[in-house]
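Next comes data_13.cif, with mmCIF, C-alpha atoms.
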```cif
data_start
#
loop_
_atom_site.label_atom_id
_atom_site.label_comp_id
_atom_site.auth_asym_id
_atom_site.auth_seq_id
_atom_site.Cartn_x
_atom_site.Cartn_y
_atom_site.Cartn_z
CA MET A 13 45.93 42.45 -12.37
CA GLY A 14 47.44 39.00 -12.40
CA VAL A 15 51.13 38.18 -12.03
CA GLY A 16 53.22 39.41 -14.99
CA GLY A 17 50.49 41.69 -16.33
CA ASP A 18 48.03 38.87 -17.20
CA GLU A 19 44.31 39.58 -17.25
CA PRO A 20 42.56 38.99 -13.91
CA LYS A 21 41.45 35.36 -13.61
CA ARG A 22 37.71 35.12 -13.61
CA GLU A 23 36.40 33.41 -10.49
CA ARG A 24 34.58 30.19 -11.31
CA PRO A 25 31.17 29.55 -9.74
CA LYS A 26 31.35 27.87 -6.37
CA ALA A 27 29.81 24.51 -5.58
CA ARG A 28 27.15 26.35 -3.60
CA PHE A 29 25.32 27.06 -6.86
CA HIS A 30 22.52 24.50 -7.13
CA GLY A 31 22.94 22.07 -10.02
CA ARG A 32 26.61 22.79 -10.70
CA VAL A 33 28.41 19.74 -12.15
CA GLU A 34 32.08 20.27 -12.82
CA ALA A 35 33.71 18.40 -15.72
CA GLU A 36 37.20 19.04 -16.99
CA GLY A 37 37.27 20.26 -20.59
CA ARG A 38 33.52 20.70 -21.08
CA LEU A 39 32.74 24.18 -22.42
CA CYS A 40 29.55 26.19 -22.42
CA ALA A 41 27.30 25.27 -25.38
CA GLU A 42 26.52 28.91 -26.11
CA PRO A 43 28.32 29.80 -29.39
CA GLY A 44 31.54 31.73 -28.80
CA CYS A 45 31.59 31.16 -25.01
CA THR A 46 34.80 29.65 -23.57
CA GLU A 47 33.61 29.31 -19.97
CA PRO A 48 33.15 25.82 -18.46
CA GLY A 49 29.73 24.25 -19.11
CA GLU A 50 28.70 23.26 -15.58
CA PHE A 51 24.93 23.81 -15.53
CA ARG A 52 22.42 21.68 -17.41
CA ALA A 53 19.58 23.28 -19.37
CA PRO A 54 16.97 21.63 -21.62
CA LEU A 55 17.02 22.08 -25.37
CA LEU A 56 14.03 24.10 -26.46
CA GLU A 57 14.13 22.56 -29.92
CA ASP A 58 14.75 18.81 -29.79
CA GLY A 59 14.03 18.03 -33.41
CA GLY A 60 10.47 16.88 -32.76
CA THR A 61 11.58 13.42 -31.72
CA GLY A 62 8.44 12.90 -29.64
CA ARG A 63 10.38 10.55 -27.38
CA ASP A 64 8.92 9.42 -24.08
CA GLY A 65 11.15 10.57 -21.23
CA PRO A 66 13.31 13.55 -20.27
CA ARG A 67 14.00 16.12 -22.97
CA PRO A 68 17.53 16.46 -24.38
CA TYR A 69 19.73 18.97 -22.57
CA ARG A 70 22.91 21.01 -23.01
CA TRP A 71 25.59 22.39 -20.67
CA LEU A 72 25.91 26.13 -20.04
CA CYS A 73 28.11 28.39 -17.95
CA LEU A 74 26.66 30.26 -14.97
CA ASP A 75 25.97 33.49 -16.87
CA HIS A 76 24.29 31.77 -19.79
CA VAL A 77 22.21 29.43 -17.63
CA ARG A 78 21.01 32.47 -15.69
CA ALA A 79 20.03 34.14 -18.96
CA PHE A 80 18.29 30.95 -20.07
CA ASN A 81 16.34 30.68 -16.82
CA ALA A 82 15.30 34.32 -16.99
CA GLY A 83 13.78 33.83 -20.43
CA TYR A 84 12.38 30.32 -19.97
CA ASN A 85 8.60 29.97 -20.27
CA PHE A 86 7.09 26.64 -19.21
CA PHE A 87 3.95 27.33 -21.25
CA THR A 88 5.72 27.95 -24.56
CA GLY A 89 4.02 25.96 -27.32
CA MET A 90 0.87 25.20 -25.30
CA THR A 91 -2.64 26.05 -26.42
CA PRO A 92 -4.79 28.28 -24.17
CA ASP A 93 -6.74 25.19 -23.01
CA GLU A 94 -3.52 23.33 -22.16
CA ILE A 95 -2.23 26.33 -20.19
CA HIS A 96 -5.53 26.53 -18.30
CA ASP A 97 -5.41 22.83 -17.42
CA ALA A 98 -1.77 23.05 -16.29
CA GLN A 99 -2.56 25.97 -13.97
CA ARG A 100 -5.39 24.26 -12.08
CA PRO A 101 -4.53 23.51 -8.41
CA TYR A 102 -5.21 19.79 -8.83
CA ALA A 103 -3.53 19.36 -12.20
CA GLY A 104 -1.95 15.93 -12.41
CA TRP A 105 -3.89 14.46 -9.45
CA GLU A 106 -7.01 13.25 -11.29
CA ARG A 107 -5.51 10.14 -12.86
CA GLU A 108 -5.95 7.03 -10.77
CA THR A 109 -2.75 5.40 -9.66
CA ARG A 110 -2.30 1.66 -9.75
CA ALA A 111 -2.60 1.32 -6.00
CA PHE A 112 -5.94 3.19 -5.78
CA ALA A 113 -7.52 2.63 -9.17
CA SER A 114 -10.86 0.86 -9.02
CA SER A 115 -9.91 -1.42 -11.89
CA GLY A 116 -6.12 -1.48 -11.62
CA ALA A 117 -5.46 -2.49 -8.04
CA ASP A 118 -3.25 -5.44 -7.43
CA GLN A 119 -4.94 -8.75 -6.92
CA ALA A 120 -4.56 -10.46 -3.56
CA PRO A 121 -1.34 -12.47 -3.43
CA LYS A 122 -1.59 -16.20 -3.93
CA TRP A 123 -0.85 -18.28 -0.87
CA SER A 124 1.43 -20.44 -2.97
CA ASP A 125 3.79 -17.45 -3.14
CA PHE A 126 4.46 -17.71 0.60
CA ALA A 127 6.47 -20.25 2.58
CA ASP A 128 4.21 -21.75 5.24
CA PRO A 129 6.19 -24.59 6.85
CA ILE A 130 3.68 -25.15 9.67
CA ASP A 131 0.64 -24.68 7.41
CA ALA A 132 -0.55 -21.77 9.55
CA ILE A 133 -2.23 -19.95 6.66
CA GLY A 134 -3.93 -23.05 5.33
CA ALA A 135 -5.07 -24.13 8.78
CA ARG A 136 -6.61 -20.72 9.48
CA PHE A 137 -8.34 -20.79 6.10
CA ARG A 138 -9.83 -24.22 6.75
CA GLU A 139 -10.98 -23.02 10.16
CA ARG A 140 -12.71 -20.00 8.65
CA MET A 141 -14.31 -22.14 5.95
CA ALA A 142 -15.60 -24.57 8.57
CA GLU A 143 -17.05 -21.68 10.58
CA ALA A 144 -18.84 -20.30 7.52
CA LYS A 145 -20.07 -23.69 6.32
CA GLY A 146 -23.83 -24.20 6.20
CA ARG A 147 -25.62 -27.24 7.58
CA ALA A 148 -26.04 -30.28 5.34
CA ASP A 149 -29.77 -30.33 6.13
CA GLY A 150 -30.12 -26.73 4.95
CA LYS A 151 -31.31 -25.37 8.30
CA PRO A 152 -30.18 -21.77 8.85
CA LEU A 153 -27.50 -20.74 11.32
CA SER A 154 -27.35 -17.21 12.67
CA GLY A 155 -24.22 -15.48 13.84
CA GLU A 156 -25.25 -16.13 17.44
CA ASP A 157 -25.80 -19.81 16.60
CA ARG A 158 -22.26 -20.04 15.26
CA ARG A 159 -20.77 -18.33 18.32
CA ALA A 160 -22.61 -20.75 20.60
CA LEU A 161 -21.38 -23.71 18.54
CA ARG A 162 -17.81 -22.45 18.91
CA THR A 163 -18.28 -22.15 22.67
CA LEU A 164 -19.38 -25.80 22.81
CA ASP A 165 -16.81 -26.86 20.21
CA LEU A 166 -19.50 -28.38 17.99
CA SER A 167 -19.64 -28.57 14.18
CA PRO A 168 -22.41 -26.77 12.26
CA ASP A 169 -24.03 -30.16 11.48
CA ALA A 170 -24.43 -31.21 15.14
CA ASP A 171 -27.90 -32.50 16.04
CA ARG A 172 -29.86 -32.28 19.31
CA LYS A 173 -28.33 -35.51 20.59
CA ALA A 174 -24.78 -34.22 20.02
CA LEU A 175 -25.78 -30.90 21.61
CA ARG A 176 -27.06 -32.57 24.80
CA SER A 177 -24.08 -34.91 24.98
CA ARG A 178 -21.55 -32.10 24.63
CA TYR A 179 -23.40 -29.95 27.16
CA SER A 180 -23.38 -32.71 29.76
CA GLU A 181 -19.68 -33.34 29.14
CA LEU A 182 -18.71 -29.70 29.63
CA VAL A 183 -20.91 -29.22 32.71
CA ARG A 184 -19.20 -32.18 34.36
CA LYS A 185 -15.83 -30.72 33.40
CA PHE A 186 -16.41 -27.19 34.72
CA HIS A 187 -18.86 -27.64 37.63
CA PRO A 188 -17.27 -26.98 41.06
CA ASP A 189 -18.80 -30.18 42.44
CA ARG A 190 -16.69 -32.09 39.93
CA ASN A 191 -13.52 -30.09 40.73
CA GLY A 192 -13.35 -30.33 44.50
CA GLY A 193 -15.10 -26.99 44.96
CA ASP A 194 -12.71 -25.16 42.59
CA ARG A 195 -14.65 -22.19 41.21
CA ARG A 196 -12.03 -20.97 38.75
CA HIS A 197 -14.07 -22.41 35.87
CA GLU A 198 -17.36 -20.70 36.75
CA ALA A 199 -17.09 -18.24 33.85
CA ALA A 200 -16.55 -21.07 31.39
CA LEU A 201 -19.47 -22.98 32.91
CA GLN A 202 -21.74 -19.96 32.59
CA ALA A 203 -20.74 -19.56 28.90
CA VAL A 204 -21.53 -23.23 28.27
CA VAL A 205 -24.95 -22.95 29.92
CA GLU A 206 -25.83 -19.81 27.92
CA ALA A 207 -24.70 -21.40 24.66
CA TYR A 208 -26.74 -24.52 25.31
CA GLN A 209 -29.85 -22.54 26.27
CA HIS A 210 -29.57 -20.57 23.05
CA LEU A 211 -29.00 -23.53 20.74
CA LYS A 212 -31.68 -25.81 22.11
CA SER A 213 -34.29 -23.28 21.03
CA ALA A 214 -32.62 -22.33 17.74
CA PRO A 215 -34.35 -23.39 14.46
CA ALA A 216 -31.34 -25.51 13.48
CA PHE A 217 -31.93 -27.75 16.51
CA ALA A 218 -35.73 -27.75 16.51
#
```

Can you give me the file's structure in the form of structure tokens?
Amino acid sequence: MGVGGDEPKRERPKARFHGRVEAEGRLCAEPGCTEPGEFRAPLLEDGGTGRDGPRPYRWLCLDHVRAFNAGYNFFTGMTPDEIHDAQRPYAGWERETRAFASSGADQAPKWSDFADPIDAIGARFRERMAEAKGRADGKPLSGEDRRALRTLDLSPDADRKALRSRYSELVRKFHPDRNGGDRRHEAALQAVVEAYQHLKSAPAFA
């Protein structure tokens, strides 16, 4: 009994109950209930608004939200086919998302959207374009041809004369006899010799 013969005060639900939202003066929406409405529950009949988004809800006390949860059926109003589809293990995973859709993926960003004060992106692009460029005379270049040209620092349009000239220049630069016996450049010299030997017999330099 309470002080002065009052009825025992009913203990209010503690914050430990999941979903409890206390609000002063808000009563349970169940007709005739005077307990605080501190738990949100969806309206089962929302007037057929057909709106896109969360369904309307109401506030209930702990006892009435427990009763609501006990009688709630997710499949209410569904056809047998809809219930079957909703119960499949992969339900909801079949639709392609924007990131992985074959036709809905984002396009590559435009370079103009990025600040590039030292023109690093543009310079790399021009370098790649130059590497992929074909010869003006139409002669084919293989991947190995292009690697050898990069080793000799020659353009795709170099002719036999430019090839011989560049080879002689690099041999003089890297040969130990030209560097006082310094053999630190032997690997570079070997790469130059191999590149020259490959290119001089390649169709582009025939």

I need the residue set behind the PyMOL selection byres ((chain A and resi 41) around 12) for this file; please write it as a list in words.
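In the shown coordinates, the PyMOL selection byres ((chain A and resi 41) around 12) covers Arg38, Leu39, Cys40, Glu42, Pro43, Gly44, Cys45, Thr46, Glu47, Pro48, Gly49, Glu50, Phe51, Arg52, Ala53, Pro54, Leu55, Tyr69, Arg70, Trp71, Leu72, Cys73, Leu74, Asp75, His76, Val77 and Phe80 of chain A.
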
I want to know what sits within 12 Å of Pro188 (chain A), based on all atoms listed in the file, with residues of the same chain fewer than 3 positions away left out; could you give that as number ranges by chain?
A: 182-185, 191-202

Within 12 Å of Asp169 (chain A), counting only C-alpha atoms, which residues qualify if same-chain residues fewer than 2 places away don't, as JSON, numbers by chain?
{"A": [142, 143, 144, 145, 146, 147, 148, 149, 150, 151, 152, 153, 157, 158, 161, 165, 166, 167, 171, 172, 173, 174, 175, 216, 217]}

Two-atom distance - CA of Ser180 (chain A), CA of Tyr208 (chain A) (Å):
9.9 Å

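Note that CA of Ala170 (chain A) and CA of Glu206 (chain A) are 17.2 Å apart.
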
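CA of Val205 (chain A) lies 7.7 Å from CA of Tyr179 (chain A).
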
Six-sided padding of 8 Å per side, axis-aligned box over region 68-82 of chain A, centre and edges in Å, one decimal, as AutoDock Vina command-line options:
```
--center_x 21.7 --center_y 25.4 --center_z -19.7 --size_x 28.8 --size_y 33.9 --size_z 25.4
```

Using only C-alpha atoms, which protein or nucleic acid residues come within 10 Å of Glu156 (chain A)? Drop anything in the same chain fewer than 2 positions from it, and give the result as a list of chain:residue names.
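In the requested format, the answer is A:Leu153, A:Ser154, A:Arg158, A:Arg159, A:Ala160, A:Leu161, A:Arg162, A:Ala207, A:His210, A:Leu211, A:Ala214.
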